[in-house]
There are 2 protein chains.
Amino acid sequence: MSSGERVRAAAVKLFAAKGFHGTGIRDLAQEAELSSASLYHYMGTKEDLLVEIMATSLRRLLDAAAKATAGAGDPVARLRALVALHVLAHAAQPAETRVVDNEVDALSDAARARVVALRDEYEGLWAQAIEDGAAAGVFHTVYPAVTRLALLEMCSGVARWYSPRGPLPLEGLAVHYAELALRALGHPGEVTVTDLRPCLEVVAQVWDVPV
Amino acid sequence: MSSGERVRAAAVKLFAAKGFHGTGIRDLAQEAELSSASLYHYMGTKEDLLVEIMATSLRRLLDAAAKATAGAGDPVARLRALVALHVLAHAAQPAETRVVDNEVDALSDAARARVVALRDEYEGLWAQAIEDGAAAGVFHTVYPAVTRLALLEMCSGVARWYSPRGPLPLEGLAVHYAELALRALGHPGEVTVTDLRPCLEVVAQVWDVPV
DNA sequence: CCGACACTATCGATCGATCGATCGAACGTC
DNA sequence: GACGTTCGATCGATCGATCGATAGTGTCGG
């Protein structure tokens with residue numbers, strides 16, 4: 001791993017564990033095995049480093065979501081894929097996703113606008129799937145926007161508690177959350193047999209992790 | 001409002017908005033309209049102030065939950081009350097609940113142990129209701145513990161987005177979330193007519209807010 | 001093949017600013 | 001004059017960031 005990669009990895013780890021403001025330049029330097037001065041050969045300001053982490057992470061999630069739902073016209077299959085992908089990403093990369101989800105307030109106005117725009121674009125995929133499902137009569141929810149936010153928070157929460165050392169493997173987690181989401185959306189089908197393997201492959205490829 | 005109350009209110013507001021580490025003693029002093037020296041007549045260290053906020057907030061939620069579920073043997077009614085109470089507390093007191101939910105990492109080991117113990121006691125109420133419902137055959141979930149965490153995260157997320165200026169009033173929000181939760185738990189009843197008004201009253205009384 | 005120069009990577013030392021916290025003094029009220 | 005409040009001044013520590021210096025690495029003209 002190059003020094004530049006070590007700096008990024010150190011930032012993801014420490015920002016997730018102690019927060020942006022709780023992490024000092026010297027903490028970063030120690031974790032990356034560099035002097036605090038050398039850090040600045042691989043980053044701009046500390047905030048630039050945070051923005052880079054958030055933006056690339058969100059961009060990656062967005063691309064993965066587009067890939068996982070490509071060619072799926074069925075809103076149910078699309079939402080299942082979105083839920084599975086979101087949950088897998090948060091369970092497999094908890095540090096990175098926690099930084100993205102928790103440190104938005106630490107950004108300056110300009111940087112926050114960039115990051116929020118990416119997040120809104122991503123949430124738009126969820127909104128479209130829910131809207132299409134409601135129009136097709138496969139979802140039944142009085143407040144689709146509220147339900148979308150509720151489901152997103154539910155899925156993001158995975159990063160706060162999931163441990164790969166627990167009894168539930170990643171695939172079981174994704175299947176369970178997909179079922180929770182479809183139930184909450186009032187989807188009548190008792191068991192949906194849509195294969196989530198394409199989703200797992202996208203995760204394995206995009207995040208370079210075994211699933 | 002006394003100076004002591006102003007200090008606490010300032011801390012809740014700023015800790016929620018900028019995080020514990022992102023809030024300086026001088027920020028606190030300015031918000032509370034005191035000098036930074038005077039602050040220390042009403043608090044111990046900055047961390048003591050955070051611990052006091054978290055512990056009393058959790059204690060209040062715990063007491064309210066006990067009161068709202070008192071005398072309800074039916075697990076469905078109990079879970080509905082727990083969901084409604086949790087959502088209402090997070091929607092009505094977003095700053096305080098955000099501090100409780102997001103700043104646990106900022107605590108020292110000893111203080112964190114105290115806070116986590118309170119949180120575990122509270123989550124135990126949820127676990128018991130879900131377990132009882134599963135045993136009674138009114139809930140159907142393969143992984144009750146995972147479902148419990150998913151629902152808790154879903155409900156806590158309300159503090160991150162709900163605005164009282166939106167179209168959805170507090171009561172509608174609580175009813176909607178209760179339905180989402182019961183659906184996710186595989187509760188067969190289409191419409192549950194349990195009255196949530198006792199819950200609203202507990203919220204109004206415990207947090208001294210109109211609902 | 002060599003010396004000169006450019007470029008990248010790294011560091012110790014240190015900058016001014018801000019951090020959390022404390023001091024002694026002054027204030028008002030009873 | 002005792003007590004509860006408040007404050008300006010200031011403490012040592014740490015903050016994010018920069019400086020000039022020092023190696024190492026490659027490139028190119030002769």
# chains A, B, ... in the order shown; residues from 1 in each chain; ligands from 1

$ residues_around --residues "region 7-16 of chain C" --least-positions-apart "4" --cutoff "10 Å" --atoms "only C-alpha atoms (C1' of nucleotides)" --output "PyMOL selection string"
(chain A and resi 3+34-39+41) or (chain D and resi 17-26)

$ residues_around --residues "region 112-114 of chain A" --least-positions-apart "6" --cutoff "10 Å" --atoms "only C-alpha atoms (C1' of nucleotides)" --output "count of residues only"
7

$ interface_residues --of "chain B" --to "chain A" --cutoff "6 Å" --atoms "only C-alpha atoms" --output "list in words"
His21, Gly22, Ala150, Glu153, Met154, Gly157, Leu180, Arg183 and Ala184 of chain B

$ closest_residue --among "C:DG3, C:DA25, C:DT18, C:DC30" --to "DG30 (chain D)" --atoms "only C-alpha atoms (C1' of nucleotides)"
C:DG3

$ residues_around --residues "DA4 (chain C)" --least-positions-apart "4" --cutoff "12 Å" --atoms "only C-alpha atoms (C1' of nucleotides)" --output "list in words"
DT27, DC28, DG29 and DG30 of chain D

$ interface_residues --of "chain D" --to "chain B" --cutoff "10 Å" --atoms "only C-alpha atoms (C1' of nucleotides)" --output "number ranges by chain"
D: 4-8

$ closest_atom_pairs --of "chain B" --to "chain C" --cutoff "9 Å" --atoms "only C-alpha atoms (C1' of nucleotides)" --output "CSV"
residue,atom,partner,partner_atom,distance
B:Gly24,CA,C:DC19,C1',7.5
B:Ile25,CA,C:DG20,C1',7.0
B:Ala37,CA,C:DT22,C1',8.3
B:Tyr40,CA,C:DA21,C1',8.7
B:Thr45,CA,C:DG20,C1',8.3
B:Lys46,CA,C:DG20,C1',8.0

$ calpha_fit_and_write --fixed "chain A" --moving "chain B" --output "CSV table (one decimal) with C-alpha atoms, in the first residue's frame"
chain,number,residue,atom,x,y,z
B,1,MET,CA,0.0,0.0,-0.1
B,2,SER,CA,1.3,3.4,-1.1
B,3,SER,CA,1.7,6.3,1.3
B,4,GLY,CA,-1.2,8.1,-0.4
B,5,GLU,CA,-3.4,5.0,0.1
B,6,ARG,CA,-2.3,4.7,3.7
B,7,VAL,CA,-3.3,8.3,4.4
B,8,ARG,CA,-6.8,7.7,3.0
B,9,ALA,CA,-7.2,4.5,4.9
B,10,ALA,CA,-6.1,6.1,8.1
B,11,ALA,CA,-8.5,8.9,7.6
B,12,VAL,CA,-11.4,6.6,6.9
B,13,LYS,CA,-10.6,4.5,10.0
B,14,LEU,CA,-10.1,7.4,12.4
B,15,PHE,CA,-12.9,9.7,11.1
B,16,ALA,CA,-15.3,6.7,11.5
B,17,ALA,CA,-14.0,5.9,15.0
B,18,LYS,CA,-13.5,9.3,16.5
B,19,GLY,CA,-15.2,11.7,14.1
B,20,PHE,CA,-13.7,14.4,11.9
B,21,HIS,CA,-13.2,17.0,14.7
B,22,GLY,CA,-12.1,14.3,17.1
B,23,THR,CA,-9.2,13.3,14.8
B,24,GLY,CA,-6.1,15.4,14.8
B,25,ILE,CA,-3.5,15.8,12.1
B,26,ARG,CA,-1.0,14.0,14.3
B,27,ASP,CA,-3.4,11.1,14.9
B,28,LEU,CA,-3.7,10.8,11.1
B,29,ALA,CA,0.1,10.9,10.7
B,30,GLN,CA,0.7,8.2,13.3
B,31,GLU,CA,-2.0,5.9,11.8
B,32,ALA,CA,-0.5,6.4,8.3
B,33,GLU,CA,3.0,6.0,9.5
B,34,LEU,CA,4.2,9.4,8.3
B,35,SER,CA,5.1,12.7,9.9
B,36,SER,CA,2.4,15.3,10.1
B,37,ALA,CA,4.3,17.4,7.5
B,38,SER,CA,4.4,14.5,5.0
B,39,LEU,CA,0.7,14.2,5.2
B,40,TYR,CA,0.4,17.3,3.2
B,41,HIS,CA,2.1,15.8,0.2
B,42,TYR,CA,-1.0,13.6,-0.3
B,43,MET,CA,-3.8,15.9,0.7
B,44,GLY,CA,-4.9,19.5,0.7
B,45,THR,CA,-6.5,20.5,3.9
B,46,LYS,CA,-8.0,18.1,6.4
B,47,GLU,CA,-11.4,19.0,5.0
B,48,ASP,CA,-10.3,18.3,1.4
B,49,LEU,CA,-9.4,14.8,2.6
B,50,LEU,CA,-12.9,14.4,4.1
B,51,VAL,CA,-14.6,15.7,1.0
B,52,GLU,CA,-12.6,13.3,-1.2
B,53,ILE,CA,-13.6,10.4,0.9
B,54,MET,CA,-17.2,11.3,1.0
B,55,ALA,CA,-17.5,12.1,-2.7
B,56,THR,CA,-15.7,9.1,-4.0
B,57,SER,CA,-17.6,6.8,-1.6
B,58,LEU,CA,-21.0,8.2,-2.7
B,59,ARG,CA,-20.0,8.1,-6.4
B,60,ARG,CA,-19.0,4.5,-6.0
B,61,LEU,CA,-22.3,3.6,-4.3
B,62,LEU,CA,-24.2,5.5,-7.0
B,63,ASP,CA,-22.4,3.6,-9.8
B,64,ALA,CA,-22.9,0.3,-8.1
B,65,ALA,CA,-26.6,1.0,-7.7
B,66,ALA,CA,-27.0,1.9,-11.3
B,67,LYS,CA,-25.2,-1.3,-12.3
B,68,ALA,CA,-27.2,-3.5,-9.9
B,69,THR,CA,-30.5,-2.2,-11.1
B,70,ALA,CA,-29.6,-1.9,-14.8
B,71,GLY,CA,-32.1,-3.7,-17.0
B,72,ALA,CA,-34.5,-4.4,-14.2
B,73,GLY,CA,-37.9,-3.0,-15.1
B,74,ASP,CA,-39.7,-4.6,-12.2
B,75,PRO,CA,-39.9,-2.1,-9.4
B,76,VAL,CA,-39.9,-4.9,-6.8
B,77,ALA,CA,-36.7,-6.4,-8.2
B,78,ARG,CA,-35.1,-2.9,-8.4
B,79,LEU,CA,-36.0,-2.1,-4.8
B,80,ARG,CA,-34.7,-5.4,-3.6
B,81,ALA,CA,-31.4,-4.8,-5.4
B,82,LEU,CA,-31.2,-1.3,-3.9
B,83,VAL,CA,-31.8,-2.5,-0.4
B,84,ALA,CA,-29.4,-5.4,-0.7
B,85,LEU,CA,-26.7,-3.3,-2.2
B,86,HIS,CA,-27.1,-0.6,0.4
B,87,VAL,CA,-27.0,-3.1,3.2
B,88,LEU,CA,-24.0,-5.0,1.8
B,89,ALA,CA,-22.1,-1.8,1.3
B,90,HIS,CA,-22.8,-0.6,4.9
B,91,ALA,CA,-21.9,-4.0,6.4
B,92,ALA,CA,-18.8,-4.6,4.3
B,93,GLN,CA,-17.5,-1.0,4.5
B,94,PRO,CA,-18.8,0.3,7.8
B,95,ALA,CA,-16.0,2.8,8.4
B,96,GLU,CA,-16.4,4.5,5.0
B,97,THR,CA,-20.2,4.6,5.1
B,98,ARG,CA,-20.2,5.9,8.7
B,99,VAL,CA,-18.0,8.8,7.6
B,100,VAL,CA,-20.4,9.6,4.7
B,101,ASP,CA,-23.5,9.3,6.9
B,102,ASN,CA,-22.3,11.1,10.1
B,103,GLU,CA,-19.8,13.8,9.1
B,104,VAL,CA,-21.9,15.8,6.7
B,105,ASP,CA,-22.2,18.5,9.4
B,106,ALA,CA,-18.5,18.9,9.5
B,107,LEU,CA,-18.3,20.2,5.9
B,108,SER,CA,-18.2,23.8,4.8
B,109,ASP,CA,-21.3,25.0,3.0
B,110,ALA,CA,-19.8,24.6,-0.5
B,111,ALA,CA,-18.5,21.1,0.1
B,112,ARG,CA,-21.7,20.0,1.8
B,113,ALA,CA,-23.7,21.1,-1.2
B,114,ARG,CA,-21.6,18.9,-3.5
B,115,VAL,CA,-21.9,15.9,-1.2
B,116,VAL,CA,-25.7,16.4,-0.6
B,117,ALA,CA,-26.2,16.6,-4.3
B,118,LEU,CA,-24.7,13.2,-4.8
B,119,ARG,CA,-26.7,11.8,-1.9
B,120,ASP,CA,-29.9,13.2,-3.4
B,121,GLU,CA,-29.1,11.7,-6.8
B,122,TYR,CA,-28.7,8.3,-5.1
B,123,GLU,CA,-31.9,8.6,-3.1
B,124,GLY,CA,-33.6,9.5,-6.3
B,125,LEU,CA,-33.1,5.9,-7.4
B,126,TRP,CA,-35.0,4.7,-4.3
B,127,ALA,CA,-37.7,7.3,-4.8
B,128,GLN,CA,-38.2,6.2,-8.4
B,129,ALA,CA,-38.4,2.5,-7.6
B,130,ILE,CA,-41.0,3.2,-4.8
B,131,GLU,CA,-43.0,5.5,-7.0
B,132,ASP,CA,-43.1,3.0,-9.8
B,133,GLY,CA,-44.0,0.2,-7.5
B,134,ALA,CA,-46.9,2.2,-6.0
B,135,ALA,CA,-48.1,3.1,-9.5
B,136,ALA,CA,-48.0,-0.5,-10.5
B,137,GLY,CA,-49.9,-1.5,-7.4
B,138,VAL,CA,-47.2,-3.7,-6.0
B,139,PHE,CA,-46.4,-1.3,-3.1
B,140,HIS,CA,-49.0,0.2,-0.8
B,141,THR,CA,-47.8,3.1,1.3
B,142,VAL,CA,-49.6,6.2,2.3
B,143,TYR,CA,-46.5,8.4,2.5
B,144,PRO,CA,-43.9,7.1,0.0
B,145,ALA,CA,-41.4,9.8,0.8
B,146,VAL,CA,-41.6,9.1,4.5
B,147,THR,CA,-41.3,5.4,3.9
B,148,ARG,CA,-38.3,6.0,1.7
B,149,LEU,CA,-36.5,7.9,4.4
B,150,ALA,CA,-37.4,5.3,7.0
B,151,LEU,CA,-36.0,2.5,4.9
B,152,LEU,CA,-32.8,4.4,4.1
B,153,GLU,CA,-32.2,5.0,7.8
B,154,MET,CA,-33.0,1.4,8.6
B,155,CYS,CA,-30.5,0.2,6.0
B,156,SER,CA,-27.8,2.7,6.9
B,157,GLY,CA,-28.0,1.7,10.5
B,158,VAL,CA,-26.4,-1.6,9.6
B,159,ALA,CA,-23.0,0.1,9.6
B,160,ARG,CA,-23.5,0.9,13.3
B,161,TRP,CA,-23.9,-2.6,14.6
B,162,TYR,CA,-23.2,-5.3,12.1
B,163,SER,CA,-20.2,-7.5,12.8
B,164,PRO,CA,-18.8,-10.1,10.3
B,165,ARG,CA,-18.0,-12.2,13.4
B,166,GLY,CA,-21.7,-12.6,14.2
B,167,PRO,CA,-23.8,-15.6,13.2
B,168,LEU,CA,-25.4,-13.9,10.3
B,169,PRO,CA,-23.5,-13.9,7.0
B,170,LEU,CA,-23.6,-11.0,4.6
B,171,GLU,CA,-25.9,-12.7,2.2
B,172,GLY,CA,-28.4,-13.6,4.9
B,173,LEU,CA,-28.4,-10.0,6.1
B,174,ALA,CA,-29.2,-8.7,2.7
B,175,VAL,CA,-32.0,-11.1,2.1
B,176,HIS,CA,-33.5,-10.3,5.5
B,177,TYR,CA,-33.4,-6.6,5.0
B,178,ALA,CA,-34.9,-6.9,1.5
B,179,GLU,CA,-37.8,-8.8,3.1
B,180,LEU,CA,-38.2,-6.2,5.8
B,181,ALA,CA,-38.3,-3.4,3.2
B,182,LEU,CA,-40.8,-5.2,1.0
B,183,ARG,CA,-43.0,-5.9,3.9
B,184,ALA,CA,-42.9,-2.4,5.1
B,185,LEU,CA,-43.9,-1.3,1.6
B,186,GLY,CA,-46.9,-3.5,1.8
B,187,HIS,CA,-45.8,-5.8,-1.0
B,188,PRO,CA,-48.3,-8.7,-1.0
B,189,GLY,CA,-46.0,-11.5,-2.3
B,190,GLU,CA,-45.1,-13.7,0.7
B,191,VAL,CA,-41.7,-14.8,-0.7
B,192,THR,CA,-39.9,-13.1,-3.5
B,193,VAL,CA,-37.4,-15.4,-5.2
B,194,THR,CA,-35.5,-12.8,-7.1
B,195,ASP,CA,-31.9,-13.8,-7.1
B,196,LEU,CA,-29.6,-11.4,-5.3
B,197,ARG,CA,-26.4,-12.9,-6.6
B,198,PRO,CA,-25.9,-10.2,-9.3
B,199,CYS,CA,-26.0,-7.8,-6.4
B,200,LEU,CA,-23.4,-9.7,-4.5
B,201,GLU,CA,-21.2,-9.7,-7.5
B,202,VAL,CA,-21.5,-6.0,-8.0
B,203,VAL,CA,-20.5,-5.5,-4.4
B,204,ALA,CA,-17.5,-7.9,-4.7
B,205,GLN,CA,-16.4,-6.1,-7.8
B,206,VAL,CA,-16.9,-2.5,-6.8
B,207,TRP,CA,-15.6,-2.7,-3.2
B,208,ASP,CA,-13.1,-5.5,-3.9
B,209,VAL,CA,-14.3,-7.6,-1.0
B,210,PRO,CA,-15.3,-11.2,-0.7
B,211,VAL,CA,-19.1,-11.8,-0.1

$ select_by_dssp --residues "region 82-211 of chain A" --states "alpha helix (DSSP H)" --output "NGL selection string"
:A and (82-92 or 94-102 or 109-136 or 144-156 or 158-161 or 170-184 or 197-206)

$ write_last_selection --atoms "C-alpha atoms" --output "mmCIF file, in the first residue's frame"
data_model
loop_
_atom_site.group_PDB
_atom_site.id
_atom_site.type_symbol
_atom_site.label_atom_id
_atom_site.label_comp_id
_atom_site.auth_asym_id
_atom_site.auth_seq_id
_atom_site.Cartn_x
_atom_site.Cartn_y
_atom_site.Cartn_z
ATOM 1 C CA LEU A 82 -31.174 -1.282 -3.947
ATOM 2 C CA VAL A 83 -31.792 -2.519 -0.413
ATOM 3 C CA ALA A 84 -29.402 -5.434 -0.754
ATOM 4 C CA LEU A 85 -26.689 -3.269 -2.249
ATOM 5 C CA HIS A 86 -27.067 -0.573 0.383
ATOM 6 C CA VAL A 87 -26.997 -3.065 3.228
ATOM 7 C CA LEU A 88 -24.043 -4.971 1.821
ATOM 8 C CA ALA A 89 -22.068 -1.795 1.278
ATOM 9 C CA HIS A 90 -22.749 -0.621 4.825
ATOM 10 C CA ALA A 91 -21.947 -4.015 6.342
ATOM 11 C CA ALA A 92 -18.806 -4.583 4.286
ATOM 12 C CA PRO A 94 -18.806 0.282 7.807
ATOM 13 C CA ALA A 95 -16.030 2.801 8.374
ATOM 14 C CA GLU A 96 -16.374 4.513 5.018
ATOM 15 C CA THR A 97 -20.160 4.591 5.126
ATOM 16 C CA ARG A 98 -20.189 5.896 8.675
ATOM 17 C CA VAL A 99 -18.004 8.784 7.617
ATOM 18 C CA VAL A 100 -20.333 9.550 4.729
ATOM 19 C CA ASP A 101 -23.454 9.315 6.890
ATOM 20 C CA ASN A 102 -22.250 11.029 10.060
ATOM 21 C CA ASP A 109 -21.298 24.990 2.961
ATOM 22 C CA ALA A 110 -19.787 24.598 -0.490
ATOM 23 C CA ALA A 111 -18.474 21.110 0.137
ATOM 24 C CA ARG A 112 -21.675 20.012 1.798
ATOM 25 C CA ALA A 113 -23.668 21.113 -1.237
ATOM 26 C CA ARG A 114 -21.556 18.849 -3.467
ATOM 27 C CA VAL A 115 -21.931 15.855 -1.180
ATOM 28 C CA VAL A 116 -25.645 16.353 -0.596
ATOM 29 C CA ALA A 117 -26.221 16.611 -4.331
ATOM 30 C CA LEU A 118 -24.643 13.193 -4.792
ATOM 31 C CA ARG A 119 -26.693 11.767 -1.955
ATOM 32 C CA ASP A 120 -29.883 13.215 -3.422
ATOM 33 C CA GLU A 121 -29.076 11.665 -6.770
ATOM 34 C CA TYR A 122 -28.675 8.298 -5.072
ATOM 35 C CA GLU A 123 -31.871 8.637 -3.068
ATOM 36 C CA GLY A 124 -33.630 9.499 -6.302
ATOM 37 C CA LEU A 125 -33.105 5.900 -7.434
ATOM 38 C CA TRP A 126 -34.964 4.738 -4.329
ATOM 39 C CA ALA A 127 -37.720 7.295 -4.815
ATOM 40 C CA GLN A 128 -38.227 6.215 -8.429
ATOM 41 C CA ALA A 129 -38.429 2.514 -7.551
ATOM 42 C CA ILE A 130 -40.952 3.173 -4.780
ATOM 43 C CA GLU A 131 -42.986 5.487 -6.962
ATOM 44 C CA ASP A 132 -43.061 2.985 -9.828
ATOM 45 C CA GLY A 133 -44.045 0.202 -7.467
ATOM 46 C CA ALA A 134 -46.861 2.241 -6.013
ATOM 47 C CA ALA A 135 -48.103 3.142 -9.484
ATOM 48 C CA ALA A 136 -47.963 -0.516 -10.490
ATOM 49 C CA PRO A 144 -43.938 7.098 0.014
ATOM 50 C CA ALA A 145 -41.411 9.830 0.799
ATOM 51 C CA VAL A 146 -41.524 9.132 4.526
ATOM 52 C CA THR A 147 -41.273 5.413 3.915
ATOM 53 C CA ARG A 148 -38.248 5.958 1.696
ATOM 54 C CA LEU A 149 -36.463 7.907 4.411
ATOM 55 C CA ALA A 150 -37.422 5.321 7.018
ATOM 56 C CA LEU A 151 -36.020 2.483 4.897
ATOM 57 C CA LEU A 152 -32.841 4.358 4.082
ATOM 58 C CA GLU A 153 -32.167 5.050 7.756
ATOM 59 C CA MET A 154 -32.940 1.437 8.598
ATOM 60 C CA CYS A 155 -30.457 0.160 6.027
ATOM 61 C CA SER A 156 -27.743 2.693 6.840
ATOM 62 C CA VAL A 158 -26.392 -1.603 9.598
ATOM 63 C CA ALA A 159 -22.991 0.103 9.619
ATOM 64 C CA ARG A 160 -23.506 0.926 13.292
ATOM 65 C CA TRP A 161 -23.938 -2.612 14.583
ATOM 66 C CA LEU A 170 -23.631 -10.973 4.597
ATOM 67 C CA GLU A 171 -25.952 -12.694 2.165
ATOM 68 C CA GLY A 172 -28.451 -13.617 4.880
ATOM 69 C CA LEU A 173 -28.391 -10.035 6.104
ATOM 70 C CA ALA A 174 -29.173 -8.689 2.654
ATOM 71 C CA VAL A 175 -32.016 -11.147 2.118
ATOM 72 C CA HIS A 176 -33.499 -10.338 5.517
ATOM 73 C CA TYR A 177 -33.385 -6.584 4.964
ATOM 74 C CA ALA A 178 -34.906 -6.945 1.505
ATOM 75 C CA GLU A 179 -37.794 -8.792 3.090
ATOM 76 C CA LEU A 180 -38.192 -6.171 5.835
ATOM 77 C CA ALA A 181 -38.307 -3.431 3.211
ATOM 78 C CA LEU A 182 -40.825 -5.159 0.964
ATOM 79 C CA ARG A 183 -43.047 -5.940 3.941
ATOM 80 C CA ALA A 184 -42.897 -2.333 5.102
ATOM 81 C CA ARG A 197 -26.476 -12.954 -6.645
ATOM 82 C CA PRO A 198 -25.969 -10.244 -9.287
ATOM 83 C CA CYS A 199 -26.040 -7.780 -6.408
ATOM 84 C CA LEU A 200 -23.406 -9.695 -4.496
ATOM 85 C CA GLU A 201 -21.219 -9.737 -7.563
ATOM 86 C CA VAL A 202 -21.484 -5.996 -8.005
ATOM 87 C CA VAL A 203 -20.479 -5.523 -4.371
ATOM 88 C CA ALA A 204 -17.562 -7.914 -4.686
ATOM 89 C CA GLN A 205 -16.405 -6.097 -7.785
ATOM 90 C CA VAL A 206 -16.971 -2.479 -6.791
#
